[in-house]
>>> print(open('entry26.pdb').read())   # PDB, C-alpha atoms, pLDDT in the B column
ATOM      1  CA  MET A   9     131.664 -79.935 -77.920  1.00 78.00           C
ATOM      2  CA  ASP A  10     133.954 -80.232 -80.950  1.00 87.00           C
ATOM      3  CA  LEU A  11     136.228 -83.283 -80.535  1.00 91.00           C
ATOM      4  CA  HIS A  12     139.362 -81.459 -81.714  1.00 89.00           C
ATOM      5  CA  GLU A  13     138.717 -78.660 -79.228  1.00 91.00           C
ATOM      6  CA  PHE A  14     137.985 -81.216 -76.500  1.00 93.00           C
ATOM      7  CA  CYS A  15     141.204 -83.150 -77.145  1.00 90.00           C
ATOM      8  CA  GLU A  16     143.372 -80.037 -76.967  1.00 89.00           C
ATOM      9  CA  GLN A  17     141.679 -78.707 -73.812  1.00 92.00           C
ATOM     10  CA  PHE A  18     141.680 -82.126 -72.129  1.00 93.00           C
ATOM     11  CA  ASN A  19     145.453 -82.591 -72.565  1.00 89.00           C
ATOM     12  CA  THR A  20     146.122 -79.066 -71.307  1.00 87.00           C
ATOM     13  CA  ASP A  21     143.977 -79.560 -68.195  1.00 89.00           C
ATOM     14  CA  LEU A  22     145.644 -82.917 -67.507  1.00 88.00           C
ATOM     15  CA  GLY A  23     149.022 -81.199 -67.517  1.00 82.00           C
ATOM     16  CA  PHE A  24     147.774 -78.645 -64.993  1.00 84.00           C
ATOM     17  CA  ARG A  25     146.391 -81.419 -62.745  1.00 85.00           C
ATOM     18  CA  LYS A  26     142.861 -80.041 -62.803  1.00 91.00           C
ATOM     19  CA  TYR A  27     139.745 -81.843 -61.595  1.00 94.00           C
ATOM     20  CA  ILE A  28     138.104 -83.003 -64.842  1.00 96.00           C
ATOM     21  CA  PHE A  29     134.475 -83.992 -65.501  1.00 97.00           C
ATOM     22  CA  VAL A  30     133.442 -85.404 -68.893  1.00 97.00           C
ATOM     23  CA  LEU A  31     129.919 -86.503 -69.836  1.00 97.00           C
ATOM     24  CA  CYS A  32     130.294 -88.424 -73.069  1.00 96.00           C
ATOM     25  CA  ASN A  33     129.386 -91.390 -75.227  1.00 97.00           C
ATOM     26  CA  CYS A  34     132.190 -93.943 -75.048  1.00 96.00           C
ATOM     27  CA  CYS A  35     133.343 -97.559 -74.909  1.00 97.00           C
ATOM     28  CA  VAL A  36     136.086 -98.921 -72.634  1.00 96.00           C
ATOM     29  CA  ASP A  37     138.788-101.595 -72.878  1.00 96.00           C
ATOM     30  CA  TYR A  38     140.653-102.348 -69.617  1.00 94.00           C
ATOM     31  CA  ILE A  39     143.517-104.756 -68.831  1.00 92.00           C
ATOM     32  CA  GLY A  40     144.820-105.109 -65.276  1.00 87.00           C
ATOM     33  CA  ARG A  41     143.036-106.573 -62.268  1.00 79.00           C
ATOM     34  CA  SER A  42     141.084-108.512 -64.919  1.00 85.00           C
ATOM     35  CA  ARG A  43     140.070-107.963 -68.552  1.00 89.00           C
ATOM     36  CA  ALA A  44     136.973-105.804 -68.911  1.00 91.00           C
ATOM     37  CA  VAL A  45     135.341-104.519 -72.087  1.00 94.00           C
ATOM     38  CA  ILE A  46     132.394-102.107 -71.823  1.00 94.00           C
ATOM     39  CA  GLY A  47     130.283-101.402 -74.902  1.00 95.00           C
ATOM     40  CA  GLU A  48     129.218 -97.988 -76.133  1.00 95.00           C
ATOM     41  CA  GLY A  49     127.013 -95.885 -73.879  1.00 96.00           C
ATOM     42  CA  ASP A  50     126.655 -92.600 -72.016  1.00 96.00           C
ATOM     43  CA  ARG A  51     129.233 -92.335 -69.216  1.00 97.00           C
ATOM     44  CA  VAL A  52     130.803 -89.875 -66.795  1.00 97.00           C
ATOM     45  CA  ILE A  53     134.607 -89.778 -66.718  1.00 97.00           C
ATOM     46  CA  LEU A  54     136.213 -88.211 -63.630  1.00 97.00           C
ATOM     47  CA  ILE A  55     139.926 -87.467 -63.347  1.00 96.00           C
ATOM     48  CA  LYS A  56     141.185 -86.142 -60.022  1.00 93.00           C
ATOM     49  CA  PRO A  57     144.243 -83.939 -59.393  1.00 89.00           C
ATOM     50  CA  ASP A  58     146.170 -86.970 -58.056  1.00 88.00           C
ATOM     51  CA  THR A  59     145.599 -88.630 -61.534  1.00 91.00           C
ATOM     52  CA  THR A  60     142.917 -91.112 -60.312  1.00 94.00           C
ATOM     53  CA  LEU A  61     140.502 -91.925 -63.162  1.00 96.00           C
ATOM     54  CA  LEU A  62     136.946 -93.223 -62.670  1.00 96.00           C
ATOM     55  CA  ILE A  63     134.190 -94.142 -65.132  1.00 97.00           C
ATOM     56  CA  HIS A  64     130.560 -94.023 -63.982  1.00 96.00           C
ATOM     57  CA  SER A  65     127.337 -95.074 -65.663  1.00 95.00           C
ATOM     58  CA  PRO A  66     124.201 -92.878 -65.336  1.00 91.00           C
ATOM     59  CA  GLU A  67     122.907 -95.238 -62.603  1.00 91.00           C
ATOM     60  CA  GLY A  68     124.312 -96.541 -59.312  1.00 90.00           C
ATOM     61  CA  PHE A  69     127.072 -95.288 -57.058  1.00 90.00           C
ATOM     62  CA  LYS A  70     129.951 -97.653 -57.904  1.00 92.00           C
ATOM     63  CA  PRO A  71     132.248 -96.839 -60.839  1.00 94.00           C
ATOM     64  CA  LEU A  72     132.156 -99.218 -63.793  1.00 93.00           C
ATOM     65  CA  ASN A  73     135.942 -99.180 -63.763  1.00 94.00           C
ATOM     66  CA  TRP A  74     138.804 -97.057 -62.470  1.00 93.00           C
ATOM     67  CA  MET A  75     142.548 -96.435 -62.548  1.00 92.00           C
ATOM     68  CA  GLY A  76     144.221 -95.711 -59.222  1.00 90.00           C
ATOM     69  CA  SER A  77     146.882 -93.046 -58.718  1.00 88.00           C
ATOM     70  CA  PRO A  78     149.515 -92.665 -60.012  1.00 87.00           C
ATOM     71  CA  CYS A  79     148.584 -93.107 -63.644  1.00 90.00           C
ATOM     72  CA  ASP A  80     149.585 -91.390 -66.864  1.00 90.00           C
ATOM     73  CA  THR A  81     146.753 -90.286 -69.173  1.00 93.00           C
ATOM     74  CA  VAL A  82     146.713 -88.677 -72.611  1.00 91.00           C
ATOM     75  CA  CYS A  83     144.157 -88.292 -75.403  1.00 91.00           C
ATOM     76  CA  GLU A  84     144.420 -87.951 -79.167  1.00 91.00           C
ATOM     77  CA  LEU A  85     142.051 -87.510 -82.065  1.00 90.00           C
ATOM     78  CA  GLU A  86     141.797 -90.568 -84.310  1.00 89.00           C
ATOM     79  CA  GLY A  87     139.458 -89.888 -87.211  1.00 89.00           C
ATOM     80  CA  ASP A  88     135.991 -89.201 -85.827  1.00 91.00           C
ATOM     81  CA  VAL A  89     136.717 -90.482 -82.272  1.00 94.00           C
ATOM     82  CA  VAL A  90     138.945 -89.465 -79.366  1.00 94.00           C
ATOM     83  CA  LEU A  91     141.150 -92.162 -77.825  1.00 95.00           C
ATOM     84  CA  VAL A  92     141.983 -91.659 -74.141  1.00 95.00           C
ATOM     85  CA  HIS A  93     144.896 -93.897 -73.141  1.00 94.00           C
ATOM     86  CA  SER A  94     145.679 -94.332 -69.428  1.00 94.00           C
ATOM     87  CA  GLN A  95     148.405 -96.474 -67.866  1.00 92.00           C
ATOM     88  CA  ARG A  96     149.305 -97.017 -64.227  1.00 88.00           C
ATOM     89  CA  THR A  97     152.930 -96.044 -63.595  1.00 80.00           C
ATOM     90  CA  LYS A  98     153.458 -98.324 -60.583  1.00 80.00           C
ATOM     91  CA  ASN A  99     152.831-102.007 -59.993  1.00 80.00           C
ATOM     92  CA  PRO A 100     150.445-103.669 -60.540  1.00 81.00           C
ATOM     93  CA  TYR A 101     150.310-102.981 -64.276  1.00 84.00           C
ATOM     94  CA  GLU A 102     147.000-101.542 -65.507  1.00 90.00           C
ATOM     95  CA  GLU A 103     145.993-100.063 -68.827  1.00 93.00           C
ATOM     96  CA  MET A 104     142.738 -98.506 -70.018  1.00 95.00           C
ATOM     97  CA  LYS A 105     141.635 -97.291 -73.444  1.00 96.00           C
ATOM     98  CA  ILE A 106     138.503 -95.165 -73.725  1.00 97.00           C
ATOM     99  CA  LYS A 107     137.052 -94.379 -77.158  1.00 97.00           C
ATOM    100  CA  ILE A 108     134.894 -91.246 -77.054  1.00 97.00           C
ATOM    101  CA  SER A 109     132.525 -90.669 -79.984  1.00 95.00           C
ATOM    102  CA  GLY A 110     130.774 -87.588 -78.609  1.00 95.00           C
ATOM    103  CA  VAL A 111     131.185 -85.112 -75.728  1.00 96.00           C
ATOM    104  CA  LYS A 112     127.999 -83.768 -74.140  1.00 95.00           C
ATOM    105  CA  LYS A 113     129.518 -81.813 -71.243  1.00 96.00           C
ATOM    106  CA  TYR A 114     133.052 -80.888 -70.237  1.00 96.00           C
ATOM    107  CA  TYR A 115     134.213 -79.133 -67.077  1.00 95.00           C
ATOM    108  CA  ALA A 116     137.631 -78.652 -65.477  1.00 95.00           C
ATOM    109  CA  ALA A 117     138.545 -76.872 -62.237  1.00 92.00           C
ATOM    110  CA  ASP A 118     141.779 -76.188 -60.401  1.00 84.00           C
ATOM    111  CA  GLY A 119     142.394 -75.354 -56.749  1.00 76.00           C
ATOM    112  CA  VAL A 120     140.035 -78.139 -55.642  1.00 74.00           C
ATOM    113  CA  CYS A 121     140.532 -78.785 -51.910  1.00 69.00           C
ATOM    114  CA  ASP A 122     139.122 -81.183 -49.326  1.00 67.00           C
ATOM    115  CA  ARG A 123     138.489 -79.108 -46.164  1.00 60.00           C
ATOM    116  CA  GLY A 124     141.672 -77.194 -46.810  1.00 56.00           C
ATOM    117  CA  ASN A 125     143.883 -80.247 -46.234  1.00 50.00           C
ATOM    118  CA  LEU A 126     144.728 -80.890 -49.883  1.00 47.00           C
ATOM    119  CA  CYS A 127     147.411 -78.748 -51.443  1.00 50.00           C
ATOM    120  CA  VAL A 128     148.423 -79.847 -54.923  1.00 56.00           C
ATOM    121  CA  ALA A 129     152.076 -79.038 -55.544  1.00 60.00           C
ATOM    122  CA  HIS A 130     154.886 -80.353 -57.745  1.00 70.00           C
ATOM    123  CA  THR A 131     152.676 -80.406 -60.822  1.00 77.00           C
ATOM    124  CA  GLU A 132     153.712 -80.380 -64.464  1.00 82.00           C
ATOM    125  CA  LYS A 133     152.890 -76.670 -64.470  1.00 85.00           C
ATOM    126  CA  ASP A 134     155.457 -76.140 -61.682  1.00 86.00           C
ATOM    127  CA  MET A 135     157.956 -78.211 -63.640  1.00 90.00           C
ATOM    128  CA  GLN A 136     157.264 -76.259 -66.832  1.00 92.00           C
ATOM    129  CA  LYS A 137     157.778 -72.868 -65.155  1.00 91.00           C
ATOM    130  CA  TYR A 138     160.996 -74.002 -63.494  1.00 92.00           C
ATOM    131  CA  LEU A 139     162.560 -75.475 -66.640  1.00 94.00           C
ATOM    132  CA  ALA A 140     161.490 -72.463 -68.717  1.00 94.00           C
ATOM    133  CA  ASN A 141     163.595 -70.379 -66.307  1.00 93.00           C
ATOM    134  CA  HIS A 142     166.408 -72.973 -66.192  1.00 93.00           C
ATOM    135  CA  PRO A 143     166.573 -74.318 -69.779  1.00 94.00           C
ATOM    136  CA  LYS A 144     170.138 -75.644 -69.357  1.00 94.00           C
ATOM    137  CA  LEU A 145     168.673 -78.456 -67.227  1.00 93.00           C
ATOM    138  CA  VAL A 146     167.052 -79.744 -70.434  1.00 94.00           C
ATOM    139  CA  ASP A 147     170.256 -79.342 -72.450  1.00 95.00           C
ATOM    140  CA  PRO A 148     173.201 -76.927 -72.107  1.00 95.00           C
ATOM    141  CA  GLY A 149     172.344 -75.415 -75.494  1.00 95.00           C
ATOM    142  CA  PHE A 150     168.548 -75.345 -75.169  1.00 96.00           C
ATOM    143  CA  ARG A 151     166.804 -71.997 -75.724  1.00 96.00           C
ATOM    144  CA  VAL A 152     163.068 -71.714 -74.978  1.00 96.00           C
ATOM    145  CA  LYS A 153     160.924 -70.094 -77.663  1.00 95.00           C
ATOM    146  CA  ALA A 154     157.499 -70.832 -76.139  1.00 95.00           C
ATOM    147  CA  THR A 155     155.598 -72.750 -73.451  1.00 94.00           C
ATOM    148  CA  GLU A 156     152.198 -74.313 -74.180  1.00 91.00           C
ATOM    149  CA  TYR A 157     152.898 -74.025 -77.915  1.00 92.00           C
ATOM    150  CA  PRO A 158     149.610 -74.991 -79.660  1.00 89.00           C
ATOM    151  CA  THR A 159     149.457 -77.854 -82.172  1.00 88.00           C
ATOM    152  CA  PRO A 160     146.557 -79.932 -83.554  1.00 84.00           C
ATOM    153  CA  LEU A 161     147.643 -82.721 -81.163  1.00 83.00           C
ATOM    154  CA  GLY A 162     147.717 -80.552 -78.025  1.00 83.00           C
ATOM    155  CA  ASN A 163     150.091 -77.993 -76.502  1.00 89.00           C
ATOM    156  CA  LEU A 164     153.848 -78.570 -76.390  1.00 93.00           C
ATOM    157  CA  ASP A 165     155.135 -78.150 -72.833  1.00 94.00           C
ATOM    158  CA  LEU A 166     158.391 -76.545 -73.972  1.00 96.00           C
ATOM    159  CA  TYR A 167     159.295 -75.547 -77.523  1.00 96.00           C
ATOM    160  CA  GLY A 168     162.647 -74.136 -78.541  1.00 96.00           C
ATOM    161  CA  LYS A 169     165.983 -74.701 -80.232  1.00 96.00           C
ATOM    162  CA  ILE A 170     169.326 -76.381 -79.604  1.00 96.00           C
ATOM    163  CA  GLY A 171     171.606 -74.571 -81.973  1.00 94.00           C
ATOM    164  CA  ALA A 172     169.724 -74.497 -85.294  1.00 93.00           C
ATOM    165  CA  GLN A 173     167.634 -77.592 -84.458  1.00 95.00           C
ATOM    166  CA  TYR A 174     164.043 -77.112 -83.333  1.00 96.00           C
ATOM    167  CA  THR A 175     163.234 -79.020 -80.151  1.00 97.00           C
ATOM    168  CA  VAL A 176     160.115 -80.223 -78.326  1.00 97.00           C
ATOM    169  CA  VAL A 177     160.145 -81.189 -74.632  1.00 97.00           C
ATOM    170  CA  GLU A 178     157.348 -83.199 -72.997  1.00 95.00           C
ATOM    171  CA  LEU A 179     157.165 -83.082 -69.199  1.00 93.00           C
ATOM    172  CA  LYS A 180     155.746 -85.535 -66.671  1.00 90.00           C
ATOM    173  CA  ALA A 181     155.785 -84.881 -62.928  1.00 85.00           C
ATOM    174  CA  VAL A 182     155.330 -88.605 -62.169  1.00 84.00           C
ATOM    175  CA  ARG A 183     156.826 -91.772 -63.621  1.00 86.00           C
ATOM    176  CA  ALA A 184     156.292 -91.730 -67.379  1.00 89.00           C
ATOM    177  CA  GLY A 185     154.346 -94.554 -69.013  1.00 87.00           C
ATOM    178  CA  LEU A 186     153.637 -95.486 -72.624  1.00 87.00           C
ATOM    179  CA  PRO A 187     151.043 -92.672 -73.103  1.00 87.00           C
ATOM    180  CA  ALA A 188     153.771 -90.104 -72.420  1.00 90.00           C
ATOM    181  CA  ALA A 189     156.104 -91.757 -74.946  1.00 91.00           C
ATOM    182  CA  LEU A 190     153.378 -91.960 -77.588  1.00 90.00           C
ATOM    183  CA  GLN A 191     152.523 -88.309 -76.995  1.00 89.00           C
ATOM    184  CA  VAL A 192     156.042 -86.940 -77.434  1.00 94.00           C
ATOM    185  CA  ILE A 193     156.653 -89.173 -80.473  1.00 94.00           C
ATOM    186  CA  ARG A 194     153.526 -87.760 -82.142  1.00 91.00           C
ATOM    187  CA  TYR A 195     154.595 -84.231 -81.241  1.00 94.00           C
ATOM    188  CA  LYS A 196     158.015 -84.853 -82.765  1.00 95.00           C
ATOM    189  CA  GLN A 197     156.516 -86.266 -85.972  1.00 94.00           C
ATOM    190  CA  TRP A 198     154.019 -83.410 -86.321  1.00 93.00           C
ATOM    191  CA  LEU A 199     156.691 -80.754 -85.747  1.00 94.00           C
ATOM    192  CA  SER A 200     159.042 -82.439 -88.234  1.00 95.00           C
ATOM    193  CA  ASP A 201     156.274 -82.572 -90.884  1.00 95.00           C
ATOM    194  CA  HIS A 202     155.195 -79.002 -90.100  1.00 94.00           C
ATOM    195  CA  LEU A 203     158.726 -77.545 -90.349  1.00 94.00           C
ATOM    196  CA  LYS A 204     159.821 -79.971 -93.089  1.00 94.00           C
ATOM    197  CA  ARG A 205     163.050 -80.766 -91.235  1.00 94.00           C
ATOM    198  CA  GLU A 206     164.383 -83.100 -88.555  1.00 94.00           C
ATOM    199  CA  VAL A 207     163.627 -82.018 -85.002  1.00 96.00           C
ATOM    200  CA  LYS A 208     164.889 -83.065 -81.586  1.00 96.00           C
ATOM    201  CA  ALA A 209     162.618 -84.382 -78.798  1.00 97.00           C
ATOM    202  CA  PHE A 210     162.978 -84.994 -75.061  1.00 97.00           C
ATOM    203  CA  LEU A 211     160.802 -86.597 -72.417  1.00 96.00           C
ATOM    204  CA  MET A 212     161.591 -85.402 -68.899  1.00 95.00           C
ATOM    205  CA  ALA A 213     160.220 -87.163 -65.811  1.00 93.00           C
ATOM    206  CA  PRO A 214     161.399 -88.562 -62.455  1.00 91.00           C
ATOM    207  CA  SER A 215     161.545 -92.028 -64.056  1.00 91.00           C
ATOM    208  CA  ALA A 216     160.017 -94.111 -66.852  1.00 91.00           C
ATOM    209  CA  THR A 217     158.806 -97.672 -67.301  1.00 89.00           C
ATOM    210  CA  PRO A 218     161.149-100.062 -69.184  1.00 90.00           C
ATOM    211  CA  ASN A 219     158.765-100.306 -72.161  1.00 89.00           C
ATOM    212  CA  THR A 220     158.595 -96.528 -72.307  1.00 91.00           C
ATOM    213  CA  LEU A 221     162.382 -96.221 -72.492  1.00 94.00           C
ATOM    214  CA  LYS A 222     162.510 -98.836 -75.275  1.00 94.00           C
ATOM    215  CA  LEU A 223     159.869 -97.005 -77.308  1.00 94.00           C
ATOM    216  CA  LEU A 224     161.623 -93.666 -76.858  1.00 95.00           C
ATOM    217  CA  LYS A 225     164.979 -95.100 -77.970  1.00 95.00           C
ATOM    218  CA  LYS A 226     163.370 -96.744 -81.012  1.00 95.00           C
ATOM    219  CA  ASN A 227     161.966 -93.370 -82.087  1.00 95.00           C
ATOM    220  CA  SER A 228     165.114 -91.330 -81.305  1.00 96.00           C
ATOM    221  CA  VAL A 229     163.572 -89.460 -78.379  1.00 96.00           C
ATOM    222  CA  GLU A 230     165.907 -88.743 -75.459  1.00 96.00           C
ATOM    223  CA  PHE A 231     164.833 -89.354 -71.859  1.00 97.00           C
ATOM    224  CA  ARG A 232     166.102 -86.953 -69.218  1.00 94.00           C
ATOM    225  CA  LYS A 233     165.580 -87.710 -65.545  1.00 94.00           C
ATOM    226  CA  PHE A 234     164.262 -84.788 -63.498  1.00 91.00           C
ATOM    227  CA  ASP A 235     162.790 -84.989 -60.019  1.00 83.00           C
ATOM    228  CA  ILE A 236     160.116 -82.300 -59.653  1.00 80.00           C
ATOM    229  CA  LYS A 237     160.329 -82.601 -55.866  1.00 77.00           C
ATOM    230  CA  LYS A 238     163.620 -80.718 -56.032  1.00 76.00           C
ATOM    231  CA  VAL A 239     161.615 -77.648 -57.057  1.00 78.00           C
ATOM    232  CA  LYS A 240     160.292 -75.791 -54.034  1.00 71.00           C
ATOM    233  CA  PRO A 241     156.712 -74.644 -54.741  1.00 63.00           C
ATOM    234  CA  LYS A 242     156.059 -70.984 -54.093  1.00 60.00           C
ATOM    235  CA  LEU A 243     153.512 -70.745 -51.302  1.00 51.00           C
ATOM    236  CA  LYS A 244     151.338 -67.717 -50.743  1.00 49.00           C
ATOM    237  CA  PRO A 245     152.741 -65.547 -47.934  1.00 45.00           C
ATOM    238  CA  LYS A 246     150.776 -65.554 -44.703  1.00 46.00           C
ATOM    239  CA  THR A 247     148.829 -62.388 -43.942  1.00 44.00           C
ATOM    240  CA  THR A 248     148.606 -61.330 -40.310  1.00 49.00           C
ATOM    241  CA  LEU A 249     145.809 -59.154 -38.936  1.00 47.00           C
ATOM    242  CA  SER A 250     148.227 -56.296 -38.217  1.00 49.00           C
ATOM    243  CA  LYS A 251     149.668 -56.457 -41.741  1.00 48.00           C
ATOM    244  CA  TRP A 252     146.200 -56.556 -43.297  1.00 41.00           C
ATOM    245  CA  MET A 253     145.120 -53.501 -41.261  1.00 45.00           C
ATOM    246  CA  ALA A 254     148.336 -51.652 -42.217  1.00 50.00           C
ATOM    247  CA  ASP A 255     147.695 -52.366 -45.892  1.00 49.00           C
ATOM    248  CA  GLU A 256     144.183 -50.941 -45.553  1.00 43.00           C
TER     249      GLU A 256
END
>>> encode(input="entry26.pdb", output="structure tokens")
Amino acid sequence: MDLHEFCEQFNTDLGFRKYIFVLCNCCVDYIGRSRAVIGEGDRVILIKPDTTLLIHSPEGFKPLNWMGSPCDTVCELEGDVVLVHSQRTKNPYEEMKIKISGVKKYYAADGVCDRGNLCVAHTEKDMQKYLANHPKLVDPGFRVKATEYPTPLGNLDLYGKIGAQYTVVELKAVRAGLPAALQVIRYKQWLSDHLKREVKAFLMAPSATPNTLKLLKKNSVEFRKFDIKKVKPKLKPKTTLSKWMADE
């Protein structure tokens, strides 16, 4: 799989909280419970809808390393490798960097359930739809031009204008960590270079780590607090036997 295509699809599927399976050649650098460095080799990366990340070798049943939920993950293309950066957004602090040099198999699925008891709601997709319909919650003057606007770095969650100034909005349904800040900063820089003018950028999330807020301020990106749990997910209406027979 082409690494540019992988990077774009991976970031999109992360935003939609899909179950992600990646068979790839990679190396790993982890800081948290301890310091662990894993050299290059074939690995399976699993990311679950609750943001849990696990790395497995081709043998054995235990993961080589993992990041527990909630964590914030993003990937970017750096030359001829993909860098996946994951950071836990609650204590204890954990950070993992995965360098992927080649992707052998990629698969993503949504609607994954465990015996019908798991219902994934309040996702970034829910947040995106809600704010696209209520743009004044981003800024009183914000007008949405597009959602999932494609760029070489991945899709912009919300793209629009405040007055004459083009604006990018990055959304996180959980506490935002450094990967989220790095992502929106890169989006802002790319859009500014692409349009050849200054652009405005926002990161919206329920909260953000202190280091994230410092990095955003340093790069003139505004943080806006938004609790996705205030958005009521639309559930499928129940169908009774009598209603189903009447519809037939």
>>> atom_distance(input="entry26.pdb", atom1="atom CA of Ile39 of chain A", atom2="atom CA of Gly110 of chain A")
23.5 Å
>>> residues_near_point(input="entry26.pdb", point="(162.0, -89.9, -63.2)", cutoff="9 Å", atoms="all atoms listed in the file", output="ChimeraX atom specification")
/A:180-184,212-216,232-236
>>> resolve_selection(input="entry26.pdb", expression="the PyMOL selection byres ((chain A and resi 191) around 12)", output="PyMOL selection string")
chain A and resi 19+80-85+92-94+161-165+176-180+184-190+192-198+209-211+220+223-224+227+229
>>> write_last_selection(input="entry26.pdb", atoms="C-alpha atoms", output="compact mmCIF listing (two decimals), keeping the file's coordinate frame")
# COMPACT_ATOMS: atom_id res chain seq x y z
CA ASN A 19 145.45 -82.59 -72.56
CA ASP A 80 149.58 -91.39 -66.86
CA THR A 81 146.75 -90.29 -69.17
CA VAL A 82 146.71 -88.68 -72.61
CA CYS A 83 144.16 -88.29 -75.40
CA GLU A 84 144.42 -87.95 -79.17
CA LEU A 85 142.05 -87.51 -82.06
CA VAL A 92 141.98 -91.66 -74.14
CA HIS A 93 144.90 -93.90 -73.14
CA SER A 94 145.68 -94.33 -69.43
CA LEU A 161 147.64 -82.72 -81.16
CA GLY A 162 147.72 -80.55 -78.03
CA ASN A 163 150.09 -77.99 -76.50
CA LEU A 164 153.85 -78.57 -76.39
CA ASP A 165 155.14 -78.15 -72.83
CA VAL A 176 160.12 -80.22 -78.33
CA VAL A 177 160.15 -81.19 -74.63
CA GLU A 178 157.35 -83.20 -73.00
CA LEU A 179 157.16 -83.08 -69.20
CA LYS A 180 155.75 -85.54 -66.67
CA ALA A 184 156.29 -91.73 -67.38
CA GLY A 185 154.35 -94.55 -69.01
CA LEU A 186 153.64 -95.49 -72.62
CA PRO A 187 151.04 -92.67 -73.10
CA ALA A 188 153.77 -90.10 -72.42
CA ALA A 189 156.10 -91.76 -74.95
CA LEU A 190 153.38 -91.96 -77.59
CA VAL A 192 156.04 -86.94 -77.43
CA ILE A 193 156.65 -89.17 -80.47
CA ARG A 194 153.53 -87.76 -82.14
CA TYR A 195 154.60 -84.23 -81.24
CA LYS A 196 158.01 -84.85 -82.76
CA GLN A 197 156.52 -86.27 -85.97
CA TRP A 198 154.02 -83.41 -86.32
CA ALA A 209 162.62 -84.38 -78.80
CA PHE A 210 162.98 -84.99 -75.06
CA LEU A 211 160.80 -86.60 -72.42
CA THR A 220 158.60 -96.53 -72.31
CA LEU A 223 159.87 -97.00 -77.31
CA LEU A 224 161.62 -93.67 -76.86
CA ASN A 227 161.97 -93.37 -82.09
CA VAL A 229 163.57 -89.46 -78.38
>>> resolve_selection(input="entry26.pdb", expression="the PyMOL selection byres ((chain A and resi 60) around 12)", output="ChimeraX atom specification")
/A:22,25-28,53-59,61-63,73-81,94-97
>>> closest_residue(input="entry26.pdb", among="A:Glu86, A:Glu67, A:Glu206, A:Glu132", to="Gln173 of chain A", atoms="only C-alpha atoms")
A:Glu206
>>> resolve_selection(input="entry26.pdb", expression="the PyMOL selection byres ((chain A and resi 114) around 9)", output="MDAnalysis selection string")
chainID A and resid 9 14 18 28:32 111:113 115:116
>>> closest_residue(input="entry26.pdb", among="A:Pro100, A:Thr20, A:Cys15, A:Val52", to="Thr155 of chain A", atoms="only C-alpha atoms")
A:Thr20
>>> atom_distance(input="entry26.pdb", atom1="atom CA of Arg43 of chain A", atom2="atom CA of Ile108 of chain A")
19.5 Å
>>> residues_around(input="entry26.pdb", residues="Phe150 of chain A", least_positions_apart="4", cutoff="6 Å", atoms="only C-alpha atoms", output="PyMOL selection string")
chain A and resi 143+169-170
>>> atom_distance(input="entry26.pdb", atom1="atom CA of Leu221 of chain A", atom2="atom CA of Glu103 of chain A")
17.2 Å
>>> residues_near_point(input="entry26.pdb", point="(133.7, -87.9, -89.2)", cutoff="12 Å", atoms="all atoms listed in the file", output="ChimeraX atom specification")
/A:10-12,85-90,109-110
>>> closest_residue(input="entry26.pdb", among="A:Phe69, A:Ile106, A:Asn141, A:Gln17", to="Val45 of chain A", atoms="all atoms listed in the file")
A:Ile106
>>> build_atoms(input="entry26.pdb", residues="segment 156-167 of chain A", atoms="N, CA and C atoms", output="CSV table (one decimal), in the frame of the given file")
chain,number,residue,atom,x,y,z
A,156,GLU,N,153.6,-74.1,-73.7
A,156,GLU,CA,152.2,-74.3,-74.2
A,156,GLU,C,152.0,-73.9,-75.7
A,157,TYR,N,153.0,-74.3,-76.5
A,157,TYR,CA,152.9,-74.0,-77.9
A,157,TYR,C,151.8,-74.9,-78.5
A,158,PRO,N,150.8,-74.2,-79.2
A,158,PRO,CA,149.6,-75.0,-79.7
A,158,PRO,C,149.9,-75.8,-80.9
A,159,THR,N,149.4,-77.0,-81.0
A,159,THR,CA,149.5,-77.9,-82.2
A,159,THR,C,148.1,-78.6,-82.3
A,160,PRO,N,147.8,-79.2,-83.4
A,160,PRO,CA,146.6,-79.9,-83.6
A,160,PRO,C,146.5,-81.1,-82.6
A,161,LEU,N,147.6,-81.6,-82.0
A,161,LEU,CA,147.6,-82.7,-81.2
A,161,LEU,C,147.6,-82.3,-79.7
A,162,GLY,N,147.6,-81.0,-79.4
A,162,GLY,CA,147.7,-80.6,-78.0
A,162,GLY,C,148.9,-79.6,-77.9
A,163,ASN,N,149.1,-79.0,-76.7
A,163,ASN,CA,150.1,-78.0,-76.5
A,163,ASN,C,151.4,-78.6,-76.1
A,164,LEU,N,152.5,-78.1,-76.7
A,164,LEU,CA,153.8,-78.6,-76.4
A,164,LEU,C,154.3,-77.9,-75.1
A,165,ASP,N,154.7,-78.7,-74.1
A,165,ASP,CA,155.1,-78.2,-72.8
A,165,ASP,C,156.2,-77.1,-73.0
A,166,LEU,N,157.3,-77.5,-73.7
A,166,LEU,CA,158.4,-76.5,-74.0
A,166,LEU,C,158.8,-76.7,-75.4
A,167,TYR,N,158.9,-75.6,-76.1
A,167,TYR,CA,159.3,-75.5,-77.5
A,167,TYR,C,160.5,-74.6,-77.7
